[in-house]
Amino acid sequence: MPVIRIEVPEGTPQDTKKRIRDRVKQAVLDTLAPKEVKYDYVGVREVFGELGDGLPLVTVDLRPGRDAGRKKALTDAIAALLQQELNSDPVDLYVLFRENPAENHYTGGTPLPDWVPADQ
């Protein structure tokens, strides 16, 4: 159930932002949370800044439980797709993972359970 915010430079075309959003949602399924389709929230917004100088910036809010390997795989996937879509250098990508207890995540007025891998 990650909430992912991707900040891209002002003037990024709408179709590019849509592709980024769709591809990040797929990357989440491929790497971070393979069983959770309904609750993957991804937003792409334009901000004042330049590639390589604070952009692209990605913030990922999620429940605790993902190991470092899953986070690295998601980061690598996002870096690759942003390189393709924005021609951004992967070394300029900043990804911030913020873990909050499940009791702080609600949907439909109900807190989410603790996160567990799909095979458990």
# chains A, B, ... in the order shown; residues from 1 in each chain; ligands from 1
call {"tool": "select_by_dssp", "arguments": {"residues": "range 15-53 of chain A", "states": "alpha helix (DSSP H)", "output": "ChimeraX atom specification"}}
result
/A:15-27
call {"tool": "write_last_selection", "arguments": {"atoms": "C-alpha atoms", "output": "tab-separated table (two decimals), in the first residue's frame"}}
result
chain	number	residue	atom	x	y	z
A	15	ASP	CA	1.27	11.97	-21.69
A	16	THR	CA	4.77	11.61	-20.20
A	17	LYS	CA	3.39	12.02	-16.68
A	18	LYS	CA	0.73	9.39	-17.39
A	19	ARG	CA	3.35	6.92	-18.67
A	20	ILE	CA	5.51	7.56	-15.61
A	21	ARG	CA	2.53	6.96	-13.31
A	22	ASP	CA	1.49	3.76	-15.08
A	23	ARG	CA	5.03	2.41	-15.21
A	24	VAL	CA	5.69	3.17	-11.53
A	25	LYS	CA	2.46	1.35	-10.58
A	26	GLN	CA	3.74	-1.67	-12.52
A	27	ALA	CA	7.17	-1.38	-10.92
call {"tool": "residues_around", "arguments": {"residues": "Asn100 in chain A", "least_positions_apart": "4", "cutoff": "9 Å", "atoms": "only C-alpha atoms", "output": "compact mmCIF listing (two decimals) with all heavy atoms, in the first residue's frame"}}
result
# COMPACT_ATOMS: atom_id res chain seq x y z
N ASP A 61 5.67 6.55 0.83
CA ASP A 61 5.15 6.30 2.17
C ASP A 61 4.55 4.90 2.19
O ASP A 61 3.76 4.55 1.29
CB ASP A 61 4.06 7.32 2.53
CG ASP A 61 4.65 8.69 2.77
OD1 ASP A 61 5.41 8.84 3.75
OD2 ASP A 61 4.34 9.61 2.00
N LEU A 62 4.92 4.10 3.20
CA LEU A 62 4.45 2.72 3.24
C LEU A 62 4.49 2.18 4.66
O LEU A 62 5.11 2.77 5.54
CB LEU A 62 5.25 1.84 2.30
CG LEU A 62 6.71 1.58 2.62
CD1 LEU A 62 7.22 0.44 1.76
CD2 LEU A 62 7.58 2.77 2.38
N ARG A 63 3.82 1.06 4.84
CA ARG A 63 3.88 0.36 6.11
C ARG A 63 5.21 -0.37 6.22
O ARG A 63 5.79 -0.76 5.22
CB ARG A 63 2.74 -0.67 6.20
CG ARG A 63 1.36 -0.02 6.23
CD ARG A 63 0.27 -1.06 6.13
NE ARG A 63 0.20 -1.51 4.73
CZ ARG A 63 -0.51 -2.56 4.32
NH1 ARG A 63 -1.18 -3.30 5.17
NH2 ARG A 63 -0.54 -2.88 3.05
N PRO A 64 5.72 -0.56 7.43
CA PRO A 64 6.99 -1.28 7.61
C PRO A 64 6.88 -2.73 7.14
O PRO A 64 5.80 -3.31 7.11
CB PRO A 64 7.22 -1.23 9.12
CG PRO A 64 6.37 -0.12 9.62
CD PRO A 64 5.19 -0.04 8.69
N ASN A 104 -1.49 3.81 11.21
CA ASN A 104 -1.56 5.17 10.69
C ASN A 104 -2.01 5.21 9.23
O ASN A 104 -2.02 6.28 8.62
CB ASN A 104 -0.20 5.87 10.82
CG ASN A 104 0.16 6.12 12.26
OD1 ASN A 104 -0.71 6.19 13.12
ND2 ASN A 104 1.44 6.25 12.53
N HIS A 105 -2.35 4.06 8.65
CA HIS A 105 -2.82 3.97 7.27
C HIS A 105 -4.29 3.54 7.29
O HIS A 105 -4.61 2.47 7.80
CB HIS A 105 -2.01 2.93 6.49
CG HIS A 105 -0.59 3.32 6.28
ND1 HIS A 105 -0.14 3.86 5.10
CD2 HIS A 105 0.49 3.24 7.10
CE1 HIS A 105 1.15 4.09 5.19
NE2 HIS A 105 1.57 3.74 6.39
call {"tool": "select_by_dssp", "arguments": {"residues": "range 53-90 of chain A", "states": "strand (DSSP E)", "output": "list of chain:residue names"}}
result
A:Gly54, A:Leu55, A:Leu57, A:Val58, A:Thr59, A:Val60, A:Asp61, A:Leu62
call {"tool": "closest_residue", "arguments": {"among": "A:Leu74, A:Ala79, A:Ile6, A:Val60", "to": "Thr31 in chain A", "atoms": "only C-alpha atoms"}}
result
A:Leu74
call {"tool": "closest_residue", "arguments": {"among": "A:Gly65, A:Gly43, A:Pro9, A:Gly49", "to": "Arg98 in chain A", "atoms": "only C-alpha atoms"}}
result
A:Gly65
call {"tool": "atom_distance", "arguments": {"atom1": "CA of Ile4 in chain A", "atom2": "CA of Pro101 in chain A"}}
result
16.5 Å
call {"tool": "residues_around", "arguments": {"residues": "range 50-56 of chain A", "least_positions_apart": "4", "cutoff": "8 Å", "atoms": "only C-alpha atoms", "output": "ChimeraX atom specification"}}
result
/A:6-9,88-89,92-94
call {"tool": "closest_residue", "arguments": {"among": "A:Ala33, A:Asp67, A:Lys72, A:Asp114", "to": "Ala102 in chain A", "atoms": "only C-alpha atoms"}}
result
A:Asp114
call {"tool": "atom_distance", "arguments": {"atom1": "CA of Val42 in chain A", "atom2": "CA of Gln84 in chain A"}}
result
18.3 Å
call {"tool": "atom_distance", "arguments": {"atom1": "CA of Val47 in chain A", "atom2": "CA of Thr107 in chain A"}}
result
27.7 Å
call {"tool": "residues_around", "arguments": {"residues": "Leu32 in chain A", "least_positions_apart": "3", "cutoff": "7 Å", "atoms": "only C-alpha atoms", "output": "list in words"}}
result
Val28, Leu29, Arg70, Lys71 and Leu74 of chain A
call {"tool": "write_last_selection", "arguments": {"atoms": "C-alpha atoms", "output": "mmCIF file, in the first residue's frame"}}
result
data_model
loop_
_atom_site.group_PDB
_atom_site.id
_atom_site.type_symbol
_atom_site.label_atom_id
_atom_site.label_comp_id
_atom_site.auth_asym_id
_atom_site.auth_seq_id
_atom_site.Cartn_x
_atom_site.Cartn_y
_atom_site.Cartn_z
ATOM 1 C CA VAL A 28 5.516 -1.482 -7.476
ATOM 2 C CA LEU A 29 3.782 -4.732 -8.411
ATOM 3 C CA ARG A 70 12.605 -4.745 -2.444
ATOM 4 C CA LYS A 71 13.227 -1.032 -1.916
ATOM 5 C CA LEU A 74 11.834 -0.341 -6.864
#
call {"tool": "residues_around", "arguments": {"residues": "Glu103 in chain A", "least_positions_apart": "3", "cutoff": "8 Å", "atoms": "only C-alpha atoms", "output": "PDB file with N, CA, C and O atoms, in the first residue's frame"}}
result
ATOM      1  N   TYR A 106      -5.151   4.357   6.741  1.00  0.00           N
ATOM      2  CA  TYR A 106      -6.582   4.062   6.716  1.00  0.00           C
ATOM      3  C   TYR A 106      -7.091   4.069   5.291  1.00  0.00           C
ATOM      4  O   TYR A 106      -6.634   4.843   4.457  1.00  0.00           O
ATOM      5  N   PRO A 111      -8.313   1.014   9.582  1.00  0.00           N
ATOM      6  CA  PRO A 111      -6.856   0.925   9.477  1.00  0.00           C
ATOM      7  C   PRO A 111      -6.446  -0.333   8.728  1.00  0.00           C
ATOM      8  O   PRO A 111      -7.122  -1.363   8.791  1.00  0.00           O
ATOM      9  N   LEU A 112      -5.351  -0.224   8.004  1.00  0.00           N
ATOM     10  CA  LEU A 112      -4.827  -1.381   7.271  1.00  0.00           C
ATOM     11  C   LEU A 112      -4.085  -2.314   8.213  1.00  0.00           C
ATOM     12  O   LEU A 112      -3.526  -1.861   9.228  1.00  0.00           O
ATOM     13  N   PRO A 113      -4.031  -3.598   7.888  1.00  0.00           N
ATOM     14  CA  PRO A 113      -3.265  -4.542   8.712  1.00  0.00           C
ATOM     15  C   PRO A 113      -1.774  -4.361   8.467  1.00  0.00           C
ATOM     16  O   PRO A 113      -1.367  -3.688   7.517  1.00  0.00           O
TER      17      PRO A 113
END
